[in-house]
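As stored in query-v3.cif (mmCIF, N, CA and C atoms):
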```cif
data_entry
loop_
_atom_site.label_atom_id
_atom_site.label_comp_id
_atom_site.auth_asym_id
_atom_site.auth_seq_id
_atom_site.Cartn_x
_atom_site.Cartn_y
_atom_site.Cartn_z
N MET A 1 0.84 -1.18 0.00
CA MET A 1 0.00 0.00 0.00
C MET A 1 0.89 1.25 0.00
N THR A 2 0.51 2.24 -0.79
CA THR A 2 1.25 3.49 -0.85
C THR A 2 0.51 4.55 -0.05
N PHE A 3 1.22 5.17 0.87
CA PHE A 3 0.69 6.24 1.71
C PHE A 3 1.28 7.54 1.18
N SER A 4 0.52 8.64 1.25
CA SER A 4 1.08 9.92 0.78
C SER A 4 0.65 11.07 1.67
N VAL A 5 1.47 12.11 1.66
CA VAL A 5 1.27 13.31 2.46
C VAL A 5 1.46 14.52 1.56
N PRO A 6 0.55 15.50 1.60
CA PRO A 6 0.76 16.73 0.84
C PRO A 6 1.64 17.71 1.60
N ILE A 7 2.47 18.43 0.87
CA ILE A 7 3.33 19.47 1.45
C ILE A 7 3.40 20.61 0.45
N THR A 8 3.42 21.84 0.96
CA THR A 8 3.68 23.01 0.13
C THR A 8 5.07 23.52 0.46
N VAL A 9 5.90 23.71 -0.54
CA VAL A 9 7.27 24.19 -0.34
C VAL A 9 7.23 25.61 0.20
N ARG A 10 7.96 25.82 1.28
CA ARG A 10 8.02 27.12 1.94
C ARG A 10 9.30 27.87 1.55
N GLY A 11 9.22 29.17 1.50
CA GLY A 11 10.34 30.00 1.07
C GLY A 11 11.61 29.80 1.87
N TYR A 12 11.49 29.57 3.16
CA TYR A 12 12.69 29.41 3.99
C TYR A 12 13.40 28.08 3.77
N GLU A 13 12.82 27.20 2.95
CA GLU A 13 13.46 25.92 2.63
C GLU A 13 14.37 26.00 1.40
N LEU A 14 14.46 27.18 0.81
CA LEU A 14 15.22 27.34 -0.43
C LEU A 14 16.69 27.66 -0.14
N ASP A 15 17.53 27.28 -1.08
CA ASP A 15 18.95 27.62 -0.98
C ASP A 15 19.22 28.90 -1.77
N SER A 16 20.47 29.27 -1.89
CA SER A 16 20.83 30.52 -2.56
C SER A 16 20.53 30.51 -4.06
N LEU A 17 20.27 29.34 -4.62
CA LEU A 17 19.93 29.24 -6.04
C LEU A 17 18.42 29.35 -6.29
N GLY A 18 17.64 29.41 -5.19
CA GLY A 18 16.20 29.58 -5.34
C GLY A 18 15.42 28.28 -5.43
N HIS A 19 16.08 27.16 -5.22
CA HIS A 19 15.33 25.91 -5.18
C HIS A 19 15.53 25.23 -3.82
N VAL A 20 14.73 24.19 -3.55
CA VAL A 20 14.75 23.55 -2.24
C VAL A 20 16.15 23.02 -1.94
N ASN A 21 16.63 23.36 -0.75
CA ASN A 21 17.93 22.89 -0.28
C ASN A 21 17.91 21.36 -0.24
N GLN A 22 19.02 20.76 -0.61
CA GLN A 22 19.10 19.30 -0.70
C GLN A 22 18.74 18.60 0.61
N ALA A 23 19.07 19.16 1.76
CA ALA A 23 18.78 18.53 3.05
C ALA A 23 17.29 18.52 3.37
N VAL A 24 16.54 19.46 2.79
CA VAL A 24 15.12 19.56 3.06
C VAL A 24 14.37 18.34 2.49
N TYR A 25 14.88 17.76 1.42
CA TYR A 25 14.26 16.57 0.87
C TYR A 25 14.20 15.46 1.92
N LEU A 26 15.26 15.35 2.72
CA LEU A 26 15.26 14.36 3.80
C LEU A 26 14.21 14.69 4.85
N GLN A 27 14.02 15.98 5.12
CA GLN A 27 12.99 16.38 6.07
C GLN A 27 11.60 16.05 5.54
N TYR A 28 11.37 16.27 4.25
CA TYR A 28 10.08 15.90 3.66
C TYR A 28 9.84 14.40 3.80
N ALA A 29 10.86 13.61 3.50
CA ALA A 29 10.72 12.15 3.60
C ALA A 29 10.45 11.73 5.04
N GLU A 30 11.18 12.31 5.98
CA GLU A 30 10.99 11.99 7.40
C GLU A 30 9.59 12.39 7.87
N HIS A 31 9.13 13.54 7.47
CA HIS A 31 7.79 13.99 7.83
C HIS A 31 6.75 12.99 7.35
N ALA A 32 6.88 12.54 6.11
CA ALA A 32 5.92 11.57 5.57
C ALA A 32 5.96 10.26 6.35
N ARG A 33 7.14 9.82 6.75
CA ARG A 33 7.23 8.56 7.53
C ARG A 33 6.55 8.72 8.89
N TRP A 34 6.73 9.86 9.55
CA TRP A 34 6.06 10.07 10.84
C TRP A 34 4.55 10.18 10.68
N GLU A 35 4.11 10.80 9.60
CA GLU A 35 2.67 10.87 9.33
C GLU A 35 2.09 9.48 9.06
N LEU A 36 2.85 8.64 8.38
CA LEU A 36 2.43 7.26 8.15
C LEU A 36 2.29 6.52 9.48
N LEU A 37 3.28 6.65 10.34
CA LEU A 37 3.20 6.01 11.66
C LEU A 37 1.96 6.50 12.41
N ARG A 38 1.74 7.80 12.41
CA ARG A 38 0.59 8.37 13.11
C ARG A 38 -0.73 7.83 12.55
N ALA A 39 -0.84 7.78 11.22
CA ALA A 39 -2.06 7.27 10.58
C ALA A 39 -2.31 5.81 10.92
N ALA A 40 -1.24 5.06 11.14
CA ALA A 40 -1.36 3.64 11.48
C ALA A 40 -1.60 3.44 12.98
N GLY A 41 -1.67 4.54 13.74
CA GLY A 41 -1.92 4.44 15.17
C GLY A 41 -0.68 4.28 16.01
N VAL A 42 0.45 4.70 15.46
CA VAL A 42 1.72 4.54 16.17
C VAL A 42 2.36 5.91 16.35
N GLY A 43 1.88 6.65 17.34
CA GLY A 43 2.46 7.95 17.62
C GLY A 43 3.76 7.80 18.39
N GLN A 44 4.47 8.91 18.52
CA GLN A 44 5.76 8.89 19.20
C GLN A 44 5.64 8.43 20.65
N ASP A 45 4.60 8.89 21.34
CA ASP A 45 4.40 8.47 22.74
C ASP A 45 4.23 6.97 22.85
N LYS A 46 3.46 6.40 21.92
CA LYS A 46 3.23 4.95 21.94
C LYS A 46 4.55 4.20 21.71
N LEU A 47 5.35 4.69 20.78
CA LEU A 47 6.63 4.03 20.52
C LEU A 47 7.49 4.00 21.76
N LEU A 48 7.56 5.13 22.46
CA LEU A 48 8.41 5.19 23.65
C LEU A 48 7.95 4.23 24.74
N THR A 49 6.64 4.02 24.84
CA THR A 49 6.14 3.11 25.87
C THR A 49 6.37 1.64 25.51
N THR A 50 6.54 1.35 24.22
CA THR A 50 6.76 -0.05 23.82
C THR A 50 8.20 -0.49 24.04
N GLY A 51 9.13 0.47 24.05
CA GLY A 51 10.54 0.13 24.17
C GLY A 51 11.20 -0.23 22.85
N TYR A 52 10.47 -0.01 21.74
CA TYR A 52 11.00 -0.29 20.40
C TYR A 52 10.70 0.90 19.51
N ALA A 53 11.56 1.12 18.52
CA ALA A 53 11.32 2.22 17.59
C ALA A 53 11.96 1.93 16.25
N PRO A 54 11.30 2.36 15.16
CA PRO A 54 11.93 2.24 13.85
C PRO A 54 13.10 3.20 13.75
N VAL A 55 14.16 2.76 13.08
CA VAL A 55 15.34 3.59 12.90
C VAL A 55 15.76 3.57 11.43
N VAL A 56 16.32 4.68 11.00
CA VAL A 56 16.86 4.79 9.64
C VAL A 56 18.32 4.38 9.69
N LEU A 57 18.69 3.44 8.83
CA LEU A 57 20.07 2.98 8.75
C LEU A 57 20.80 3.57 7.55
N GLU A 58 20.03 3.90 6.52
CA GLU A 58 20.64 4.45 5.29
C GLU A 58 19.57 5.20 4.50
N ASN A 59 19.95 6.32 3.91
CA ASN A 59 19.11 7.09 2.99
C ASN A 59 19.84 7.24 1.67
N ASN A 60 19.10 7.12 0.58
CA ASN A 60 19.65 7.40 -0.74
C ASN A 60 18.65 8.30 -1.45
N ILE A 61 19.12 9.41 -1.98
CA ILE A 61 18.24 10.34 -2.69
C ILE A 61 18.72 10.48 -4.13
N LYS A 62 17.77 10.34 -5.04
CA LYS A 62 18.06 10.60 -6.45
C LYS A 62 17.23 11.83 -6.84
N TYR A 63 17.92 12.95 -7.03
CA TYR A 63 17.25 14.20 -7.39
C TYR A 63 16.94 14.18 -8.88
N GLN A 64 15.71 14.58 -9.24
CA GLN A 64 15.35 14.56 -10.66
C GLN A 64 14.90 15.90 -11.20
N ARG A 65 14.12 16.66 -10.43
CA ARG A 65 13.65 17.99 -10.86
C ARG A 65 13.62 18.90 -9.65
N GLU A 66 13.98 20.15 -9.85
CA GLU A 66 14.02 21.09 -8.73
C GLU A 66 12.61 21.43 -8.24
N LEU A 67 12.57 21.84 -6.98
CA LEU A 67 11.35 22.37 -6.38
C LEU A 67 11.60 23.81 -6.01
N ARG A 68 10.55 24.64 -6.12
CA ARG A 68 10.65 26.06 -5.79
C ARG A 68 9.54 26.43 -4.80
N ALA A 69 9.68 27.59 -4.20
CA ALA A 69 8.69 28.07 -3.23
C ALA A 69 7.28 28.03 -3.83
N GLY A 70 6.35 27.55 -3.05
CA GLY A 70 4.96 27.47 -3.48
C GLY A 70 4.58 26.20 -4.20
N ASP A 71 5.57 25.42 -4.64
CA ASP A 71 5.23 24.15 -5.30
C ASP A 71 4.47 23.26 -4.33
N GLU A 72 3.41 22.66 -4.83
CA GLU A 72 2.65 21.70 -4.04
C GLU A 72 3.10 20.32 -4.44
N ILE A 73 3.42 19.51 -3.44
CA ILE A 73 3.96 18.18 -3.69
C ILE A 73 3.25 17.15 -2.84
N THR A 74 3.44 15.90 -3.22
CA THR A 74 3.06 14.78 -2.36
C THR A 74 4.32 13.95 -2.13
N VAL A 75 4.41 13.43 -0.92
CA VAL A 75 5.51 12.56 -0.56
C VAL A 75 4.91 11.21 -0.21
N THR A 76 5.33 10.18 -0.92
CA THR A 76 4.78 8.84 -0.71
C THR A 76 5.71 7.99 0.14
N CYS A 77 5.13 6.94 0.70
CA CYS A 77 5.87 5.94 1.47
C CYS A 77 5.33 4.58 1.09
N GLU A 78 6.20 3.67 0.75
CA GLU A 78 5.78 2.30 0.46
C GLU A 78 6.86 1.34 0.97
N PHE A 79 6.44 0.41 1.83
CA PHE A 79 7.37 -0.55 2.41
C PHE A 79 7.72 -1.66 1.44
N GLU A 80 8.93 -2.13 1.52
CA GLU A 80 9.39 -3.32 0.81
C GLU A 80 10.03 -4.21 1.88
N TRP A 81 9.33 -5.27 2.24
CA TRP A 81 9.79 -6.14 3.32
C TRP A 81 10.76 -7.17 2.76
N THR A 82 11.86 -7.36 3.47
CA THR A 82 12.86 -8.35 3.10
C THR A 82 13.05 -9.28 4.28
N GLU A 83 13.89 -10.26 4.12
CA GLU A 83 14.20 -11.16 5.23
C GLU A 83 15.28 -10.52 6.10
N GLY A 84 15.29 -10.89 7.35
CA GLY A 84 16.33 -10.39 8.24
C GLY A 84 15.89 -9.19 9.04
N LYS A 85 16.86 -8.45 9.54
CA LYS A 85 16.62 -7.37 10.49
C LYS A 85 16.26 -6.04 9.85
N THR A 86 16.31 -5.95 8.55
CA THR A 86 16.06 -4.66 7.89
C THR A 86 14.89 -4.73 6.93
N PHE A 87 14.43 -3.56 6.53
CA PHE A 87 13.40 -3.42 5.51
C PHE A 87 13.76 -2.20 4.67
N ARG A 88 13.08 -2.05 3.56
CA ARG A 88 13.28 -0.87 2.70
C ARG A 88 11.96 -0.12 2.61
N MET A 89 12.10 1.17 2.42
CA MET A 89 10.95 1.99 2.12
C MET A 89 11.31 2.84 0.91
N ARG A 90 10.39 2.85 -0.03
CA ARG A 90 10.56 3.67 -1.23
C ARG A 90 9.66 4.89 -1.07
N GLN A 91 10.22 6.06 -1.37
CA GLN A 91 9.47 7.29 -1.26
C GLN A 91 9.67 8.12 -2.52
N GLU A 92 8.59 8.74 -2.97
CA GLU A 92 8.66 9.67 -4.11
C GLU A 92 8.23 11.05 -3.63
N ILE A 93 8.93 12.04 -4.10
CA ILE A 93 8.53 13.42 -3.90
C ILE A 93 8.12 13.91 -5.27
N ARG A 94 6.81 14.17 -5.40
CA ARG A 94 6.22 14.40 -6.72
C ARG A 94 5.38 15.67 -6.72
N LYS A 95 5.55 16.48 -7.76
CA LYS A 95 4.70 17.66 -7.93
C LYS A 95 3.29 17.20 -8.31
N LEU A 96 2.32 18.08 -8.10
CA LEU A 96 0.94 17.73 -8.41
C LEU A 96 0.72 17.44 -9.89
N ASP A 97 1.59 18.00 -10.78
CA ASP A 97 1.44 17.72 -12.22
C ASP A 97 2.03 16.36 -12.60
N GLY A 98 2.54 15.61 -11.60
CA GLY A 98 3.07 14.28 -11.85
C GLY A 98 4.58 14.22 -11.99
N THR A 99 5.24 15.37 -12.07
CA THR A 99 6.70 15.40 -12.20
C THR A 99 7.35 14.88 -10.94
N VAL A 100 8.21 13.89 -11.08
CA VAL A 100 8.95 13.38 -9.92
C VAL A 100 10.15 14.28 -9.67
N SER A 101 10.21 14.82 -8.46
CA SER A 101 11.31 15.69 -8.08
C SER A 101 12.46 14.90 -7.49
N ALA A 102 12.13 13.87 -6.68
CA ALA A 102 13.18 13.07 -6.07
C ALA A 102 12.64 11.69 -5.70
N LEU A 103 13.54 10.72 -5.72
CA LEU A 103 13.26 9.37 -5.25
C LEU A 103 14.14 9.12 -4.04
N VAL A 104 13.52 8.67 -2.96
CA VAL A 104 14.25 8.40 -1.72
C VAL A 104 14.09 6.92 -1.40
N THR A 105 15.20 6.26 -1.16
CA THR A 105 15.18 4.87 -0.71
C THR A 105 15.79 4.83 0.68
N VAL A 106 15.04 4.25 1.61
CA VAL A 106 15.45 4.19 3.00
C VAL A 106 15.62 2.73 3.39
N THR A 107 16.73 2.41 4.04
CA THR A 107 16.89 1.12 4.69
C THR A 107 16.70 1.36 6.18
N GLY A 108 15.81 0.58 6.77
CA GLY A 108 15.51 0.77 8.18
C GLY A 108 15.47 -0.53 8.94
N GLY A 109 15.27 -0.40 10.21
CA GLY A 109 15.12 -1.53 11.10
C GLY A 109 14.30 -1.09 12.30
N VAL A 110 14.10 -1.99 13.24
CA VAL A 110 13.42 -1.66 14.49
C VAL A 110 14.40 -1.94 15.61
N MET A 111 14.64 -0.93 16.43
CA MET A 111 15.61 -1.06 17.51
C MET A 111 14.92 -1.35 18.84
N ASP A 112 15.47 -2.30 19.56
CA ASP A 112 15.10 -2.52 20.95
C ASP A 112 15.82 -1.42 21.72
N LEU A 113 15.07 -0.50 22.31
CA LEU A 113 15.67 0.68 22.91
C LEU A 113 16.42 0.38 24.20
N THR A 114 16.16 -0.77 24.82
CA THR A 114 16.90 -1.16 26.01
C THR A 114 18.22 -1.82 25.63
N ALA A 115 18.15 -2.81 24.73
CA ALA A 115 19.36 -3.53 24.31
C ALA A 115 20.19 -2.73 23.31
N ARG A 116 19.56 -1.71 22.66
CA ARG A 116 20.21 -0.90 21.63
C ARG A 116 20.69 -1.76 20.46
N LYS A 117 19.84 -2.73 20.09
CA LYS A 117 20.12 -3.62 18.96
C LYS A 117 18.86 -3.74 18.11
N LEU A 118 19.08 -4.08 16.85
CA LEU A 118 17.95 -4.31 15.96
C LEU A 118 17.25 -5.61 16.33
N VAL A 119 15.92 -5.61 16.21
CA VAL A 119 15.17 -6.83 16.45
C VAL A 119 15.29 -7.74 15.24
N ALA A 120 15.11 -9.03 15.46
CA ALA A 120 15.28 -10.02 14.39
C ALA A 120 14.18 -9.93 13.33
N ASP A 121 12.96 -9.57 13.74
CA ASP A 121 11.83 -9.57 12.81
C ASP A 121 11.08 -8.24 12.88
N PRO A 122 11.50 -7.26 12.09
CA PRO A 122 10.83 -5.95 12.15
C PRO A 122 9.36 -6.01 11.74
N ARG A 123 9.00 -6.94 10.85
CA ARG A 123 7.59 -7.08 10.45
C ARG A 123 6.70 -7.38 11.64
N ALA A 124 7.14 -8.31 12.47
CA ALA A 124 6.35 -8.68 13.65
C ALA A 124 6.19 -7.48 14.59
N ARG A 125 7.23 -6.70 14.73
CA ARG A 125 7.17 -5.54 15.62
C ARG A 125 6.22 -4.50 15.05
N PHE A 126 6.24 -4.27 13.72
CA PHE A 126 5.32 -3.32 13.12
C PHE A 126 3.87 -3.79 13.26
N ARG A 127 3.64 -5.10 13.11
CA ARG A 127 2.29 -5.63 13.33
C ARG A 127 1.84 -5.37 14.76
N ALA A 128 2.73 -5.56 15.71
CA ALA A 128 2.40 -5.36 17.12
C ALA A 128 2.15 -3.87 17.43
N PHE A 129 2.86 -2.97 16.79
CA PHE A 129 2.68 -1.53 17.00
C PHE A 129 1.32 -1.04 16.53
N ALA A 130 0.94 -1.49 15.36
CA ALA A 130 -0.04 -0.79 14.54
C ALA A 130 -1.48 -1.15 14.82
N GLU A 131 -2.32 -0.14 14.75
CA GLU A 131 -3.76 -0.35 14.72
C GLU A 131 -4.19 -0.62 13.27
N ARG A 132 -3.40 -0.13 12.32
CA ARG A 132 -3.69 -0.33 10.89
C ARG A 132 -2.45 -0.85 10.18
N PRO A 133 -2.09 -2.13 10.38
CA PRO A 133 -0.86 -2.66 9.78
C PRO A 133 -0.87 -2.67 8.25
N GLU A 134 -2.03 -2.59 7.65
CA GLU A 134 -2.10 -2.57 6.18
C GLU A 134 -1.40 -1.33 5.61
N LEU A 135 -1.29 -0.27 6.39
CA LEU A 135 -0.55 0.92 5.93
C LEU A 135 0.93 0.63 5.78
N PHE A 136 1.40 -0.40 6.44
CA PHE A 136 2.80 -0.83 6.34
C PHE A 136 2.97 -1.97 5.33
N GLY A 137 1.89 -2.28 4.59
CA GLY A 137 1.95 -3.37 3.64
C GLY A 137 1.90 -4.73 4.32
N LEU A 138 1.30 -4.76 5.52
CA LEU A 138 1.20 -6.01 6.29
C LEU A 138 -0.26 -6.39 6.46
N GLN A 139 -0.52 -7.67 6.55
CA GLN A 139 -1.89 -8.16 6.77
C GLN A 139 -2.10 -8.55 8.21
#
```

So, in terms of structure tokens, how does the structure I just supplied come out?
Amino acid sequence: MTFSVPITVRGYELDSLGHVNQAVYLQYAEHARWELLRAAGVGQDKLLTTGYAPVVLENNIKYQRELRAGDEITVTCEFEWTEGKTFRMRQEIRKLDGTVSALVTVTGGVMDLTARKLVADPRARFRAFAERPELFGLQ
């Protein structure tokens, strides 16, 4: 399942060339991931009480088209579950006219906050967290 969040580019997010600063793309992606968690019933407070939390292990951004102040975009999130301790999430930052501005690929895991180690089965932990696991591509 693909989840998406609308965002309007703000003027203070621009660099000296007049387009969105490269680091802001990561903030857009992070914002969409937190909104996905919230929509699935997994707010930050809930995560802290469980003793487990999703963590980003790697980000890769492929920039394709610039964004400027006032551009309206959607940021998508779609899980790709693999075997082992990690998972992938694919994210698109897309203008409303369909132009893809950036592709973000995230490798993540779920950390046991007491042991400070990744759990063996992040899918099981996401199922346990969520009121709506289908938003994570889980049944």

* Within 9 Å of stretch 78-84 of chain A using only C-alpha atoms, minus same-chain residues under 6 positions, as a list in words ->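 Non-adjacent residues within range: Met1, Thr2, Phe3, Ser4, Arg90, Gln91, Ala120, Asp121, Pro122, Arg123, Leu135, Phe136 and Gly137 of chain A.
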
* To do: In Å, rounded to a single decimal, give me how far atom CA of A:Arg68 is from atom N of A:Ile93.
  =>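 Result for atom N of A:Ile93 versus atom CA of A:Arg68: 14.2 Å, one decimal.
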
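Of the residues listed (A:Pro54, A:Gly11, A:Pro6, A:Gly18), A:Pro54 shows the shortest atom-to-atom separation from A:Gly109; distances use only C-alpha atoms.
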
* Of the listed residues A:Phe126, A:Leu67, A:Val24, A:Glu58, that which approaches A:Leu138 most closely, counting only N, CA and C atoms ->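 So, comparing all the options, the nearest one is A:Phe126.
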
Excluding A:Val104 and any residue of its chain fewer than 3 positions from it, enumerate the residues within 8 Å of it, using only N, CA and C atoms, and give them as a PDB file with N, CA and C atoms, in the coordinates of the input.
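For reference, around-v7.pdb as written:
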```
ATOM      1  N   TYR A  25      14.880  17.760   1.420  1.00  0.00           N
ATOM      2  CA  TYR A  25      14.260  16.570   0.870  1.00  0.00           C
ATOM      3  C   TYR A  25      14.200  15.460   1.920  1.00  0.00           C
ATOM      4  N   ALA A  29      10.860  13.610   3.500  1.00  0.00           N
ATOM      5  CA  ALA A  29      10.720  12.150   3.600  1.00  0.00           C
ATOM      6  C   ALA A  29      10.450  11.730   5.040  1.00  0.00           C
ATOM      7  N   ASN A  59      19.950   6.320   3.910  1.00  0.00           N
ATOM      8  CA  ASN A  59      19.110   7.090   2.990  1.00  0.00           C
ATOM      9  C   ASN A  59      19.840   7.240   1.670  1.00  0.00           C
ATOM     10  N   ASN A  60      19.100   7.120   0.580  1.00  0.00           N
ATOM     11  CA  ASN A  60      19.650   7.400  -0.740  1.00  0.00           C
ATOM     12  C   ASN A  60      18.650   8.300  -1.450  1.00  0.00           C
ATOM     13  N   ILE A  61      19.120   9.410  -1.980  1.00  0.00           N
ATOM     14  CA  ILE A  61      18.240  10.340  -2.690  1.00  0.00           C
ATOM     15  C   ILE A  61      18.720  10.480  -4.130  1.00  0.00           C
ATOM     16  N   LYS A  62      17.770  10.340  -5.040  1.00  0.00           N
ATOM     17  CA  LYS A  62      18.060  10.600  -6.450  1.00  0.00           C
ATOM     18  C   LYS A  62      17.230  11.830  -6.840  1.00  0.00           C
ATOM     19  N   TYR A  63      17.920  12.950  -7.030  1.00  0.00           N
ATOM     20  CA  TYR A  63      17.250  14.200  -7.390  1.00  0.00           C
ATOM     21  C   TYR A  63      16.940  14.180  -8.880  1.00  0.00           C
ATOM     22  N   MET A  89      12.100   1.170   2.420  1.00  0.00           N
ATOM     23  CA  MET A  89      10.950   1.990   2.120  1.00  0.00           C
ATOM     24  C   MET A  89      11.310   2.840   0.910  1.00  0.00           C
ATOM     25  N   ARG A  90      10.390   2.850  -0.030  1.00  0.00           N
ATOM     26  CA  ARG A  90      10.560   3.670  -1.230  1.00  0.00           C
ATOM     27  C   ARG A  90       9.660   4.890  -1.070  1.00  0.00           C
ATOM     28  N   GLN A  91      10.220   6.060  -1.370  1.00  0.00           N
ATOM     29  CA  GLN A  91       9.470   7.290  -1.260  1.00  0.00           C
ATOM     30  C   GLN A  91       9.670   8.120  -2.520  1.00  0.00           C
ATOM     31  N   GLU A  92       8.590   8.740  -2.970  1.00  0.00           N
ATOM     32  CA  GLU A  92       8.660   9.670  -4.110  1.00  0.00           C
ATOM     33  C   GLU A  92       8.230  11.050  -3.630  1.00  0.00           C
ATOM     34  N   ILE A  93       8.930  12.040  -4.100  1.00  0.00           N
ATOM     35  CA  ILE A  93       8.530  13.420  -3.900  1.00  0.00           C
ATOM     36  C   ILE A  93       8.120  13.910  -5.270  1.00  0.00           C
ATOM     37  N   SER A 101      10.210  14.820  -8.460  1.00  0.00           N
ATOM     38  CA  SER A 101      11.310  15.690  -8.080  1.00  0.00           C
ATOM     39  C   SER A 101      12.460  14.900  -7.490  1.00  0.00           C
ATOM     40  N   THR A 107      16.730   2.410   4.040  1.00  0.00           N
ATOM     41  CA  THR A 107      16.890   1.120   4.690  1.00  0.00           C
ATOM     42  C   THR A 107      16.700   1.360   6.180  1.00  0.00           C
TER      43      THR A 107
END
```

* Asked: Within 8 Å of (20.4, 22.0, -7.8), all atoms listed in the file: residues as a ChimeraX atom specification?
  -> /A:17,19-22,65-67

* To do: Check what the PyMOL selection byres ((chain A and resi 111) around 6) selects in the file above and give those residues as a PyMOL selection string.
  => chain A and resi 51-55+109-110+112-113+116-119

* To do: Enumerate, as a ChimeraX atom specification, the complete set of residues in chain A that a backbone-based DSSP assignment places in strand (DSSP E or B).
  => /A:3-8,14,20,52-63,72-81,86-95,100-112,117-118

* To do: Grab the atom C of A:Thr49 to atom C of A:Val75 distance for me, in Å with one decimal place.
  =>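 Calculated distance between atom C of A:Thr49 and atom C of A:Val75 is 27.5 Å.
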
* **Nearest-residue call for A:Val9, choices A:Pro133, A:Gly70, A:Ala124, A:Leu36, using only N, CA and C atoms** =>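 Answer, going by the shortest atom-to-atom distance: A:Gly70.
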
* Point-to-point distance in Å for atom N of A:Leu26 and atom CA of A:Leu47 ->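 About the pair atom CA of A:Leu47 and atom N of A:Leu26: they are 22.8 Å apart.
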
* Asked: How would you write, as a PyMOL selection string, the residues chosen by the PyMOL selection byres (((chain A and resi 95-100 and name CA) around 6) and name CA) on this structure?
  -> chain A and resi 72-73+94+101-102

* Answer key for the PyMOL selection byres ((chain A and resi 40) around 6.5), residues as a list in words ->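 This file, filtered by the PyMOL selection byres ((chain A and resi 40) around 6.5), leaves Glu35, Leu36, Leu37, Arg38, Ala39, Gly41, Val42, Gly43, Phe129, Ala130, Glu131, Arg132, Pro133 and Leu135 of chain A.
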
* Asked: Quick one: DSSP helix (DSSP H, G or I) residues in stretch 6-130 of chain A, as an MDAnalysis selection string?
  -> chainID A and resid 11:13 22:39 44:50 122:129

* Between A:Tyr12, A:Arg88, A:Gln64, A:Gln27, single out the one closest to A:Leu103, counting all atoms listed in the file. =>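 Closest candidate: A:Gln64.
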
Generate the missing atoms of stretch 113-124 of chain A up to N, CA, C and O atoms and report them as an mmCIF file, in the coordinates of the input.
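What ended up in part36.cif:
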```
data_model
loop_
_atom_site.group_PDB
_atom_site.id
_atom_site.type_symbol
_atom_site.label_atom_id
_atom_site.label_comp_id
_atom_site.auth_asym_id
_atom_site.auth_seq_id
_atom_site.Cartn_x
_atom_site.Cartn_y
_atom_site.Cartn_z
ATOM 1 N N LEU A 113 15.070 -0.500 22.310
ATOM 2 C CA LEU A 113 15.670 0.680 22.910
ATOM 3 C C LEU A 113 16.420 0.380 24.200
ATOM 4 O O LEU A 113 17.263 1.172 24.617
ATOM 5 N N THR A 114 16.160 -0.770 24.820
ATOM 6 C CA THR A 114 16.900 -1.160 26.010
ATOM 7 C C THR A 114 18.220 -1.820 25.630
ATOM 8 O O THR A 114 19.286 -1.430 26.097
ATOM 9 N N ALA A 115 18.150 -2.810 24.730
ATOM 10 C CA ALA A 115 19.360 -3.530 24.310
ATOM 11 C C ALA A 115 20.190 -2.730 23.310
ATOM 12 O O ALA A 115 21.363 -3.039 23.102
ATOM 13 N N ARG A 116 19.560 -1.710 22.660
ATOM 14 C CA ARG A 116 20.210 -0.900 21.630
ATOM 15 C C ARG A 116 20.690 -1.760 20.460
ATOM 16 O O ARG A 116 21.754 -1.565 19.896
ATOM 17 N N LYS A 117 19.840 -2.730 20.090
ATOM 18 C CA LYS A 117 20.120 -3.620 18.960
ATOM 19 C C LYS A 117 18.860 -3.740 18.110
ATOM 20 O O LYS A 117 17.746 -3.597 18.612
ATOM 21 N N LEU A 118 19.080 -4.080 16.850
ATOM 22 C CA LEU A 118 17.950 -4.310 15.960
ATOM 23 C C LEU A 118 17.250 -5.610 16.330
ATOM 24 O O LEU A 118 17.905 -6.584 16.693
ATOM 25 N N VAL A 119 15.920 -5.610 16.210
ATOM 26 C CA VAL A 119 15.170 -6.830 16.450
ATOM 27 C C VAL A 119 15.290 -7.740 15.240
ATOM 28 O O VAL A 119 15.533 -7.282 14.115
ATOM 29 N N ALA A 120 15.110 -9.030 15.460
ATOM 30 C CA ALA A 120 15.280 -10.020 14.390
ATOM 31 C C ALA A 120 14.180 -9.930 13.330
ATOM 32 O O ALA A 120 14.438 -10.193 12.156
ATOM 33 N N ASP A 121 12.960 -9.570 13.740
ATOM 34 C CA ASP A 121 11.830 -9.570 12.810
ATOM 35 C C ASP A 121 11.080 -8.240 12.880
ATOM 36 O O ASP A 121 10.129 -8.106 13.647
ATOM 37 N N PRO A 122 11.500 -7.260 12.090
ATOM 38 C CA PRO A 122 10.830 -5.950 12.150
ATOM 39 C C PRO A 122 9.360 -6.010 11.740
ATOM 40 O O PRO A 122 8.549 -5.240 12.245
ATOM 41 N N ARG A 123 9.000 -6.940 10.850
ATOM 42 C CA ARG A 123 7.590 -7.080 10.450
ATOM 43 C C ARG A 123 6.700 -7.380 11.640
ATOM 44 O O ARG A 123 5.636 -6.784 11.799
ATOM 45 N N ALA A 124 7.140 -8.310 12.470
ATOM 46 C CA ALA A 124 6.350 -8.680 13.650
ATOM 47 C C ALA A 124 6.190 -7.480 14.590
ATOM 48 O O ALA A 124 5.117 -7.272 15.155
#
```
